[in-house]
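The file final_33.cif contains mmCIF, C-alpha atoms:
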data_data
loop_
_atom_site.group_PDB
_atom_site.id
_atom_site.type_symbol
_atom_site.label_atom_id
_atom_site.label_comp_id
_atom_site.auth_asym_id
_atom_site.auth_seq_id
_atom_site.Cartn_x
_atom_site.Cartn_y
_atom_site.Cartn_z
ATOM 1 C CA GLY P 1 37.999 89.917 18.245
ATOM 2 C CA ALA P 2 38.558 88.278 14.895
ATOM 3 C CA VAL P 3 38.425 84.501 14.691
ATOM 4 C CA VAL P 4 41.015 82.267 13.072
ATOM 5 C CA SER P 5 40.146 78.603 12.768
ATOM 6 C CA GLN P 6 42.563 75.770 12.178
ATOM 7 C CA HIS P 7 41.649 72.284 11.046
ATOM 8 C CA PRO P 8 42.274 69.640 12.105
ATOM 9 C CA SER P 9 43.108 70.289 15.747
ATOM 10 C CA TRP P 10 45.083 67.072 15.856
ATOM 11 C CA VAL P 11 46.189 64.482 13.328
ATOM 12 C CA ILE P 12 48.140 61.251 13.386
ATOM 13 C CA CYS P 13 49.716 60.055 10.171
ATOM 14 C CA LYS P 14 52.085 57.362 9.024
ATOM 15 C CA SER P 15 55.651 58.170 8.130
ATOM 16 C CA GLY P 16 55.994 58.987 4.441
ATOM 17 C CA THR P 17 52.498 60.338 3.967
ATOM 18 C CA SER P 18 51.442 63.967 3.524
ATOM 19 C CA VAL P 19 49.219 65.989 5.806
ATOM 20 C CA LYS P 20 47.318 69.187 5.031
ATOM 21 C CA ILE P 21 46.446 71.748 7.691
ATOM 22 C CA GLU P 22 43.938 74.494 6.979
ATOM 23 C CA CYS P 23 43.867 77.981 8.439
ATOM 24 C CA ARG P 24 40.771 80.079 7.904
ATOM 25 C CA SER P 25 39.904 83.618 8.878
ATOM 26 C CA LEU P 26 36.216 83.362 9.671
ATOM 27 C CA ASP P 27 35.010 86.932 9.846
ATOM 28 C CA PHE P 28 37.643 88.987 8.100
ATOM 29 C CA GLN P 29 39.888 88.960 5.053
ATOM 30 C CA ALA P 30 43.536 88.235 5.695
ATOM 31 C CA THR P 31 46.048 89.289 3.079
ATOM 32 C CA THR P 32 48.818 87.784 5.169
ATOM 33 C CA MET P 33 48.934 84.588 7.177
ATOM 34 C CA PHE P 34 51.806 83.225 9.201
ATOM 35 C CA TRP P 35 52.717 79.641 10.011
ATOM 36 C CA TYR P 36 54.529 78.792 13.231
ATOM 37 C CA ARG P 37 55.901 75.619 14.688
ATOM 38 C CA GLN P 38 56.150 74.952 18.390
ATOM 39 C CA PHE P 39 58.003 72.077 20.010
ATOM 40 C CA PRO P 40 57.014 70.986 23.522
ATOM 41 C CA LYS P 41 57.857 73.571 26.160
ATOM 42 C CA GLN P 42 59.429 75.838 23.579
ATOM 43 C CA SER P 43 58.544 79.090 21.908
ATOM 44 C CA LEU P 44 56.811 79.617 18.596
ATOM 45 C CA MET P 45 59.153 79.683 15.654
ATOM 46 C CA LEU P 46 58.013 81.358 12.471
ATOM 47 C CA MET P 47 58.188 79.004 9.504
ATOM 48 C CA ALA P 48 56.812 81.112 6.695
ATOM 49 C CA THR P 49 54.741 84.097 5.716
ATOM 50 C CA SER P 50 51.903 83.467 3.323
ATOM 51 C CA ASN P 51 50.581 86.221 1.094
ATOM 52 C CA GLU P 52 47.355 85.809 -0.831
ATOM 53 C CA GLY P 53 48.005 85.215 -4.494
ATOM 54 C CA SER P 54 51.765 84.977 -4.276
ATOM 55 C CA LYS P 55 54.484 82.599 -3.173
ATOM 56 C CA ALA P 56 55.143 82.180 0.508
ATOM 57 C CA THR P 57 58.282 83.556 2.105
ATOM 58 C CA TYR P 58 60.109 80.948 4.143
ATOM 59 C CA GLU P 59 62.352 81.562 7.129
ATOM 60 C CA GLN P 60 65.929 80.432 7.015
ATOM 61 C CA GLY P 61 66.285 76.707 7.558
ATOM 62 C CA VAL P 62 62.702 75.814 6.624
ATOM 63 C CA GLU P 63 62.440 73.461 3.658
ATOM 64 C CA LYS P 64 59.974 74.947 1.204
ATOM 65 C CA ASP P 65 59.590 71.667 -0.661
ATOM 66 C CA LYS P 66 58.666 69.876 2.527
ATOM 67 C CA PHE P 67 56.313 72.473 3.946
ATOM 68 C CA LEU P 68 54.104 73.561 1.078
ATOM 69 C CA ILE P 69 52.046 76.665 1.686
ATOM 70 C CA ASN P 70 49.140 77.816 -0.412
ATOM 71 C CA HIS P 71 47.175 81.017 0.153
ATOM 72 C CA ALA P 72 44.596 80.864 -2.588
ATOM 73 C CA SER P 73 42.030 83.199 -1.075
ATOM 74 C CA LEU P 74 41.793 85.994 1.462
ATOM 75 C CA THR P 75 40.280 83.617 4.007
ATOM 76 C CA LEU P 76 42.222 80.392 3.558
ATOM 77 C CA SER P 77 45.829 79.307 3.784
ATOM 78 C CA THR P 78 46.995 75.700 3.844
ATOM 79 C CA LEU P 79 50.181 74.076 5.064
ATOM 80 C CA THR P 80 51.007 70.666 3.655
ATOM 81 C CA VAL P 81 53.690 68.615 5.349
ATOM 82 C CA THR P 82 54.966 66.327 2.611
ATOM 83 C CA SER P 83 56.553 62.944 3.203
ATOM 84 C CA ALA P 84 56.169 63.412 6.929
ATOM 85 C CA HIS P 85 58.658 61.857 9.328
ATOM 86 C CA PRO P 86 58.552 61.480 13.116
ATOM 87 C CA GLU P 87 60.791 64.528 13.541
ATOM 88 C CA ASP P 88 58.040 66.613 11.914
ATOM 89 C CA SER P 89 55.794 65.838 14.871
ATOM 90 C CA SER P 90 55.025 69.189 16.436
ATOM 91 C CA PHE P 91 52.355 71.777 17.187
ATOM 92 C CA TYR P 92 51.649 73.939 14.145
ATOM 93 C CA ILE P 93 49.950 77.291 14.600
ATOM 94 C CA CYS P 94 48.761 79.841 12.063
ATOM 95 C CA SER P 95 47.974 83.480 12.512
ATOM 96 C CA ALA P 96 46.172 85.890 10.248
ATOM 97 C CA GLY P 97 45.947 89.635 10.107
ATOM 98 C CA LEU P 98 43.620 92.203 8.687
ATOM 99 C CA ALA P 99 44.523 93.999 5.475
ATOM 100 C CA SER P 100 45.858 96.948 7.445
ATOM 101 C CA SER P 101 49.386 96.201 8.588
ATOM 102 C CA ASN P 102 49.016 98.212 11.746
ATOM 103 C CA THR P 103 46.639 95.830 13.475
ATOM 104 C CA GLU P 104 46.809 92.726 15.562
ATOM 105 C CA ALA P 105 47.259 89.308 14.037
ATOM 106 C CA PHE P 106 45.028 86.605 15.498
ATOM 107 C CA PHE P 107 46.111 83.049 16.185
ATOM 108 C CA GLY P 108 44.413 79.787 15.422
ATOM 109 C CA GLN P 109 44.023 77.106 18.039
ATOM 110 C CA GLY P 110 46.861 75.038 16.631
ATOM 111 C CA THR P 111 47.213 71.577 15.115
ATOM 112 C CA ARG P 112 49.001 68.779 16.901
ATOM 113 C CA LEU P 113 50.725 66.580 14.307
ATOM 114 C CA THR P 114 52.038 63.181 15.323
ATOM 115 C CA VAL P 115 53.903 61.128 12.745
ATOM 116 C CA VAL P 116 54.240 57.436 13.579
ATOM 117 C CA GLN W 1 70.071 85.418 17.308
ATOM 118 C CA GLN W 2 67.407 85.749 19.944
ATOM 119 C CA GLN W 3 65.825 89.112 19.299
ATOM 120 C CA VAL W 4 63.482 89.005 22.277
ATOM 121 C CA LYS W 5 64.909 87.694 25.540
ATOM 122 C CA GLN W 6 62.476 86.611 28.218
ATOM 123 C CA SER W 7 62.947 85.640 31.848
ATOM 124 C CA PRO W 8 62.321 83.722 33.972
ATOM 125 C CA GLN W 9 61.464 80.556 32.089
ATOM 126 C CA SER W 10 59.374 79.308 34.976
ATOM 127 C CA LEU W 11 57.705 81.072 37.857
ATOM 128 C CA ILE W 12 55.758 79.903 40.876
ATOM 129 C CA VAL W 13 53.631 82.454 42.677
ATOM 130 C CA GLN W 14 51.209 82.116 45.539
ATOM 131 C CA LYS W 15 47.588 83.029 44.999
ATOM 132 C CA GLY W 16 47.124 86.742 45.535
ATOM 133 C CA GLY W 17 50.747 87.527 44.801
ATOM 134 C CA ILE W 18 52.308 89.505 41.970
ATOM 135 C CA SER W 19 53.747 87.683 38.965
ATOM 136 C CA ILE W 20 56.470 89.561 37.103
ATOM 137 C CA ILE W 21 57.903 88.534 33.742
ATOM 138 C CA ASN W 22 60.652 90.510 32.056
ATOM 139 C CA CYS W 23 61.640 90.906 28.437
ATOM 140 C CA ALA W 24 64.323 92.746 26.536
ATOM 141 C CA TYR W 25 64.672 93.422 22.848
ATOM 142 C CA GLU W 26 67.443 94.466 20.512
ATOM 143 C CA ASN W 27 65.821 95.617 17.308
ATOM 144 C CA THR W 28 64.905 99.303 17.549
ATOM 145 C CA ALA W 29 62.564 98.862 14.575
ATOM 146 C CA PHE W 30 60.117 97.028 16.840
ATOM 147 C CA ASP W 31 57.124 99.271 17.496
ATOM 148 C CA TYR W 32 54.523 96.996 19.007
ATOM 149 C CA PHE W 33 54.943 94.729 22.006
ATOM 150 C CA PRO W 34 52.182 92.213 22.729
ATOM 151 C CA TRP W 35 51.959 89.638 25.470
ATOM 152 C CA TYR W 36 50.301 86.315 24.802
ATOM 153 C CA GLN W 37 48.819 83.735 27.123
ATOM 154 C CA GLN W 38 48.874 80.106 26.051
ATOM 155 C CA PHE W 39 47.178 77.166 27.705
ATOM 156 C CA PRO W 40 48.335 73.596 26.940
ATOM 157 C CA GLY W 41 47.195 72.398 23.536
ATOM 158 C CA LYS W 42 45.880 75.796 22.515
ATOM 159 C CA GLY W 43 47.127 78.609 20.349
ATOM 160 C CA PRO W 44 48.375 81.815 21.975
ATOM 161 C CA ALA W 45 45.819 84.480 22.795
ATOM 162 C CA LEU W 46 46.566 88.177 22.979
ATOM 163 C CA LEU W 47 46.548 89.366 26.581
ATOM 164 C CA ILE W 48 47.685 92.968 26.436
ATOM 165 C CA ALA W 49 49.930 95.042 24.201
ATOM 166 C CA ILE W 50 51.812 98.326 24.292
ATOM 167 C CA ARG W 51 53.456 100.719 21.880
ATOM 168 C CA PRO W 52 56.741 102.459 22.760
ATOM 169 C CA ASP W 53 55.203 105.910 23.041
ATOM 170 C CA VAL W 54 53.748 105.032 26.452
ATOM 171 C CA SER W 55 55.541 103.789 29.555
ATOM 172 C CA GLU W 56 52.732 101.818 31.108
ATOM 173 C CA LYS W 57 49.464 100.200 30.155
ATOM 174 C CA LYS W 58 47.025 98.609 32.533
ATOM 175 C CA GLU W 59 44.097 96.339 31.786
ATOM 176 C CA GLY W 60 42.441 94.869 34.836
ATOM 177 C CA ARG W 61 45.018 92.869 36.771
ATOM 178 C CA PHE W 62 47.547 92.992 33.930
ATOM 179 C CA THR W 63 50.049 95.820 33.534
ATOM 180 C CA ILE W 64 52.829 96.309 31.019
ATOM 181 C CA SER W 65 55.737 98.550 31.978
ATOM 182 C CA PHE W 66 57.873 99.767 29.098
ATOM 183 C CA ASN W 67 61.340 101.322 29.208
ATOM 184 C CA LYS W 68 62.254 102.475 25.723
ATOM 185 C CA SER W 69 65.768 103.677 26.546
ATOM 186 C CA ALA W 70 66.651 100.363 28.159
ATOM 187 C CA LYS W 71 64.761 98.387 25.516
ATOM 188 C CA GLN W 72 62.982 96.442 28.205
ATOM 189 C CA PHE W 73 59.383 95.698 29.040
ATOM 190 C CA SER W 74 57.659 93.637 31.655
ATOM 191 C CA LEU W 75 54.310 92.099 32.502
ATOM 192 C CA HIS W 76 52.895 92.350 35.994
ATOM 193 C CA ILE W 77 49.968 90.204 37.027
ATOM 194 C CA MET W 78 48.423 91.534 40.202
ATOM 195 C CA ASP W 79 46.428 89.338 42.582
ATOM 196 C CA SER W 80 47.535 86.235 40.693
ATOM 197 C CA GLN W 81 44.968 83.440 40.550
ATOM 198 C CA PRO W 82 45.283 79.689 39.859
ATOM 199 C CA GLY W 83 43.411 80.298 36.597
ATOM 200 C CA ASP W 84 46.324 82.478 35.483
ATOM 201 C CA SER W 85 48.526 79.387 35.381
ATOM 202 C CA ALA W 86 49.675 79.230 31.761
ATOM 203 C CA THR W 87 52.659 79.981 29.580
ATOM 204 C CA TYR W 88 53.197 83.637 28.822
ATOM 205 C CA PHE W 89 55.086 84.903 25.803
ATOM 206 C CA CYS W 90 56.325 88.397 25.272
ATOM 207 C CA ALA W 91 56.679 89.375 21.655
ATOM 208 C CA ALA W 92 57.666 92.199 19.391
ATOM 209 C CA ARG W 93 56.615 93.369 15.986
ATOM 210 C CA GLY W 94 58.064 96.102 13.834
ATOM 211 C CA GLY W 95 58.011 98.120 10.676
ATOM 212 C CA GLY W 96 54.229 98.072 10.274
ATOM 213 C CA TYR W 97 54.489 94.383 9.487
ATOM 214 C CA GLN W 98 52.530 91.711 11.285
ATOM 215 C CA LYS W 99 55.415 89.261 11.681
ATOM 216 C CA VAL W 100 55.747 88.584 15.394
ATOM 217 C CA THR W 101 58.972 87.574 17.131
ATOM 218 C CA PHE W 102 58.361 85.641 20.329
ATOM 219 C CA GLY W 103 60.309 85.342 23.535
ATOM 220 C CA ILE W 104 61.078 81.891 24.868
ATOM 221 C CA GLY W 105 58.070 81.836 27.169
ATOM 222 C CA THR W 106 57.487 81.750 30.913
ATOM 223 C CA LYS W 107 55.542 78.953 32.499
ATOM 224 C CA LEU W 108 53.599 80.473 35.375
ATOM 225 C CA GLN W 109 52.134 78.366 38.121
ATOM 226 C CA VAL W 110 49.930 80.019 40.695
ATOM 227 C CA ILE W 111 49.536 77.871 43.770
ATOM 228 C CA PRO W 112 46.659 78.182 46.256
#
As a first step, turn the structure in this file into structure tokens.
Amino acid sequence: GAVVSQHPSWVICKSGTSVKIECRSLDFQATTMFWYRQFPKQSLMLMATSNEGSKATYEQGVEKDKFLINHASLTLSTLTVTSAHPEDSSFYICSAGLASSNTEAFFGQGTRLTVV
Amino acid sequence: QQQVKQSPQSLIVQKGGISIINCAYENTAFDYFPWYQQFPGKGPALLIAIRPDVSEKKEGRFTISFNKSAKQFSLHIMDSQPGDSATYFCAARGGGYQKVTFGIGTKLQVIP
């Protein structure tokens, strides 16, 4: 199956700083990437949909100015958590799909963010 | 609004037994129903998936049963093994779009 790589796998940052998480499709081109957030023992909640070359579409309740998404190429999307606070600590997961909409989207391994 | 309802939230099964997880959906536009397996600290991995034009799909020890009229689907894990211990998510996707809606998850523990 296709491979989606996230980096870093874990990060600790100080409150008030910004953190960037990368999501790469390694062996295919992804026109669409999705960013999810997962709190401990909870389900994955979609934060935003990232389309290559255009602005991301955010789900209701997600602050677009806080969670900046950039999808500059068909193989890379980034999520930047700006001015991070302890309540932003969570597991962030991306997924990416092939250009055809009728195919499976593949998930990255996730990034554990801890804000201290 | 929870579009995909999943139960139970936790399940303990003895080794060799059958694990059954149930899901129900509301949106009739959903046309693809995957199940994901997630181990702690890892992203979800696709386990098996079904489309609504079939009532059952089997892959090894994993079987999905699908009831379109009832808008329900379930995952059966036969001969459950300790290595199957993980969190399982049912999900749904619709309209030819890759956005996936997840159920709440079921933490499965298979005991020896």
Once you add 4 Å to each side, what are the centre and edge lengths of the axis-aligned box holding all listed atoms of range 48-59 of chain P? One decimal in Å, as AutoDock Vina command-line options, if you can.
--center_x 54.9 --center_y 83.6 --center_z 1.3 --size_x 23.0 --size_y 13.3 --size_z 19.6
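CA of Phe73 in chain W lies 22.4 Å from CA of Gly16 in chain W.
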Which residues, named as in the file, does the PyMOL selection byres ((chain P) within 10 of (chain W)) pick out? Answer as a PyMOL selection string.
chain P and resi 1+6+9-10+32-34+38+40-46+48-49+91-98+100-112
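Note that the spacing between CA of Lys66 in chain P and CA of Tyr36 in chain W amounts to 28.9 Å.
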Record the distance separating CA of Phe28 in chain P and CA of Glu59 in chain W, expressed in Å with one decimal.
25.6 Å
Step by step, work through what the PyMOL selection byres ((chain W and resi 58) around 10) selects in the shown file, and finish by giving those residues as JSON, numbers by chain.
{"W": [48, 49, 50, 56, 57, 59, 60, 61, 62, 63, 64, 65, 75, 76, 77]}
Output C-alpha atoms for every residue in the selection just made, as a compact mmCIF listing (two decimals), in the coordinates of the input.
# COMPACT_ATOMS: atom_id res chain seq x y z
CA ILE W 48 47.68 92.97 26.44
CA ALA W 49 49.93 95.04 24.20
CA ILE W 50 51.81 98.33 24.29
CA GLU W 56 52.73 101.82 31.11
CA LYS W 57 49.46 100.20 30.16
CA GLU W 59 44.10 96.34 31.79
CA GLY W 60 42.44 94.87 34.84
CA ARG W 61 45.02 92.87 36.77
CA PHE W 62 47.55 92.99 33.93
CA THR W 63 50.05 95.82 33.53
CA ILE W 64 52.83 96.31 31.02
CA SER W 65 55.74 98.55 31.98
CA LEU W 75 54.31 92.10 32.50
CA HIS W 76 52.90 92.35 35.99
CA ILE W 77 49.97 90.20 37.03
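Nearest to Phe66 in chain W of all the residues W:Asn22, W:Gln37, W:Ser85, W:Gln14 is W:Asn22, based on all atoms listed in the file.
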Target residues per the PyMOL selection byres ((chain P and resi 68-84) around 10), formatted as JSON, numbers by chain:
{"P": [4, 5, 6, 7, 13, 14, 15, 16, 17, 18, 19, 20, 21, 22, 23, 24, 25, 26, 27, 28, 29, 30, 31, 32, 33, 34, 35, 48, 49, 50, 51, 52, 53, 54, 55, 56, 57, 58, 63, 64, 65, 66, 67, 85, 86, 87, 88, 89, 92, 94, 95, 96, 98, 99, 113, 114, 115, 116]}
For Pro112 in chain W, list every protein, DNA or RNA residue within 10 Å, evaluated using all atoms listed in the file, and leave out those in the same chain fewer than 4 positions away; present the list as an MDAnalysis selection string.
chainID W and resid 13:16 80:82
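Among the candidate residues W:Ala29, W:Cys23, W:Val110, W:Val54, the one lying nearest to Asp84 in chain W is W:Val110, with distances computed using all atoms listed in the file.
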Residue among W:Pro52, W:Gln72, W:Trp35, W:Ile21 lying closest to Pro8 in chain W, counting all atoms listed in the file
W:Ile21
